[in-house]
Amino acid sequence: MCDSGVLSPLGYRLSTGVNHLSILASSPLPLLLSASACSFFLQPLNDLLSHLCVVYHPDYVAPLPAGHRFPMPKFGLLKELLLRDRVISPDQLYQPGPPPQAWIQQVHQADYVQGYCQGTLTPKAQRRIGLPWSPNLVKRTCTAVGGTILTAKLALNQGLACNTAGGTHHAFPDYGSGFCIFNDLAIAARVLLSQALVQRILIVDLDVHQGDGSAWIFRDDPRVFTFSMHCAVNFPRQKQTSDLDVPLPEGLEDEPYLQLLQAHLPDLLSQVKPDLVLYDAGADTHGGDRLGKLAMTNTGLYDRDYQVLSTCVGAGYPVACVIGGGYDDNMAALVYRHSLLHRAAAVVYRQYRL
Ligand SMILES: [Zn+2]
């Protein structure tokens with residue numbers, strides 16, 4: 001059945017389990033087509049199944065000391081949940097590689113990139129990041145950046161694609177902050193611009209925290225429009241100036257949140273007319289989030305993601321999604337919250353017949 005004429009999301013025929021996606025990166029990237037993917041084609045199609053591309057790598061999960069407050073296991077568990085609930089099938093998973101260091105340096109200073117990768121940052125700079133350095137974390141950081149670049153390129157080809165990590169928007173050119181080391185959104189934007197794949201990008205950052213790093217990086221770059229809707233009284237204490245900031249009051253609930261989004265997004269799209277939207281779908285706007293301070297529900301999160309994706313895709317703008325922040329000791333609840341993005345994306349993908 002694997003060789004029965006099924007086309008991959010990029011239109012390449014799947015026969016060997018290896019898809020040559022050389023247009024997507026500097027080197028061919030393998031498609032994760034496994035034996036279980038073959039058996040999938042023997043089963044009846046579930047209503048939710050689509051050919052939405054989802055980007056994941058096992059290196060997204062790097063070991064942290066026991067009890068560390070960053071919920072590292074969520075990335076692997078998210079991929080597992082998407083497969084278990086048949087939101088996606090294994091043949092929809094794409095595996096990124098780490099980007100060349102020169103790509104990271106299109107945003108970050110060379111001494112910071114080398115210092116981080118070699119573990120020679122000062123203890124103060126390391127503390128500001130909030131994650132203990134390890135070679136595995138370096139690999140994870142770079143691979144996740146590669147994942148967002150791949151997601152962006154898949155979105156340009158397909159109209160919509162989702163990473164299962166990403167959204168490290170607090171990283172500045174010469175330092176990291178708030179669990180963010182390299183700014184994946186900014187690097188993906190610069191790489192696509194430098195490869196002349198796009199001329200104009202809109203970053204829609206709906207993580208509960210302001211996208212301060214992205215705002216600063218693109219403060220004088222008219223090719224990238226930064227839009228951040230975030231809780232006004234949350235981290236970072238010192239906000240930067242995005243092209244459009246919509247600060248939200250503490251405790252804001254679903255309905256007023258969605259109305260505010262509706263009041264801004266359609267106009268923004270017609271004003272910016274981006275070649276690509278980079279969407280940071282932070283799940284930390286949820287009322288149960290440990291670091292959030294807003295009061296959205298799962299229904300509200302799904303409606304928000306559906307609203308963003310259907311508004312953009314419906315108007316013809318491709319969207320690359322990253323999952324952004326999300327913090328909860330209840331790992332199952334947290335992973336489900338993040339999966340709402342992919343569930344909404346699968347529905348939009350089918351509705352618009354991408
Ligand atoms: Zn956040």
# chains A, B, ... in the order shown; residues from 1 in each chain; ligands from 1
$ residues_near_ligand --ligand "ligand 1" --cutoff "9 Å" --atoms "only C-alpha atoms and all ligand atoms" --output "ChimeraX atom specification"
/A:167-170,178,206-211,230,235,282-285,291-292,324-327
$ select_by_dssp --residues "region 117-189 of chain A" --states "helix (DSSP H, G or I)" --output "number ranges by chain"
A: 117-118, 123-129, 135-158, 184-189
$ atom_distance --atom1 "CA of Ala152 (chain A)" --atom2 "CA of Pro63 (chain A)"
26.9 Å
$ select_by_dssp --residues "region 33-173 of chain A" --states "strand (DSSP E)" --output "list in words"
Cys53, Val54, Val55, Leu93, Tyr94, Leu160, Ala161, Cys162 and Asn163 of chain A
$ write_last_selection --atoms "N, CA and C atoms" --output "compact mmCIF listing (two decimals), in the first residue's frame"
# COMPACT_ATOMS: atom_id res chain seq x y z
N CYS A 53 1.13 19.28 7.40
CA CYS A 53 2.49 18.89 7.76
C CYS A 53 2.79 19.33 9.20
N VAL A 54 3.31 18.41 9.98
CA VAL A 54 3.67 18.71 11.37
C VAL A 54 5.14 18.36 11.58
N VAL A 55 5.87 19.28 12.16
CA VAL A 55 7.33 19.13 12.29
C VAL A 55 7.69 18.71 13.71
N LEU A 93 4.45 13.64 9.62
CA LEU A 93 5.53 14.18 10.46
C LEU A 93 6.78 14.44 9.63
N TYR A 94 7.33 15.59 9.78
CA TYR A 94 8.57 15.98 9.09
C TYR A 94 9.64 16.26 10.13
N LEU A 160 -0.18 25.92 5.03
CA LEU A 160 -0.31 25.82 6.49
C LEU A 160 0.58 24.69 6.97
N ALA A 161 1.31 24.92 8.05
CA ALA A 161 2.14 23.86 8.65
C ALA A 161 2.38 24.23 10.11
N CYS A 162 2.64 23.20 10.93
CA CYS A 162 2.81 23.42 12.38
C CYS A 162 4.07 22.75 12.90
N ASN A 163 4.80 23.47 13.72
CA ASN A 163 5.86 22.88 14.49
C ASN A 163 5.26 22.29 15.77
$ residues_around --residues "Pro98 (chain A)" --least-positions-apart "6" --cutoff "9 Å" --atoms "only C-alpha atoms" --output "compact mmCIF listing (two decimals) with N, CA and C atoms, in the first residue's frame"
# COMPACT_ATOMS: atom_id res chain seq x y z
N LYS A 139 21.84 20.90 21.33
CA LYS A 139 21.29 20.18 20.18
C LYS A 139 19.79 20.47 20.06
N ARG A 140 19.11 20.44 21.18
CA ARG A 140 17.67 20.70 21.20
C ARG A 140 17.35 22.11 20.69
N THR A 141 18.12 23.08 21.17
CA THR A 141 17.90 24.48 20.81
C THR A 141 18.06 24.67 19.30
N CYS A 142 19.13 24.11 18.76
CA CYS A 142 19.40 24.30 17.33
C CYS A 142 18.38 23.54 16.48
N THR A 143 18.03 22.33 16.92
CA THR A 143 17.08 21.53 16.15
C THR A 143 15.70 22.19 16.12
N ALA A 144 15.31 22.78 17.25
CA ALA A 144 14.00 23.46 17.29
C ALA A 144 13.98 24.67 16.36
N VAL A 145 15.12 25.38 16.27
CA VAL A 145 15.20 26.49 15.31
C VAL A 145 15.06 25.95 13.89
N GLY A 146 15.77 24.84 13.61
CA GLY A 146 15.64 24.19 12.30
C GLY A 146 14.19 23.80 12.04
N GLY A 147 13.50 23.39 13.09
CA GLY A 147 12.10 22.99 12.96
C GLY A 147 11.20 24.15 12.54
$ closest_residue --among "A:Val107, A:Leu131, A:Leu252, A:Val313" --to "Gly213 (chain A)" --atoms "only C-alpha atoms"
A:Val107
$ residues_around --residues "Pro222 (chain A)" --least-positions-apart "4" --cutoff "10 Å" --atoms "only C-alpha atoms" --output "number ranges by chain"
A: 199-201, 218, 226, 243, 272
$ closest_residue --among "A:Ala165, A:Pro249, A:Tyr175, A:Gln118" --to "Gly130 (chain A)" --atoms "only C-alpha atoms"
A:Tyr175
$ atom_distance --atom1 "CA of Ala315 (chain A)" --atom2 "CA of Gly300 (chain A)"
22.2 Å
$ residues_around --residues "region 77-79 of chain A" --least-positions-apart "3" --cutoff "10 Å" --atoms "only C-alpha atoms" --output "PyMOL selection string"
chain A and resi 54-58+61+72-74+82-84+87-88+90+93+163-165+331-332+334-339+342
$ atom_distance --atom1 "CA of Tyr116 (chain A)" --atom2 "CA of Asn183 (chain A)"
13.3 Å
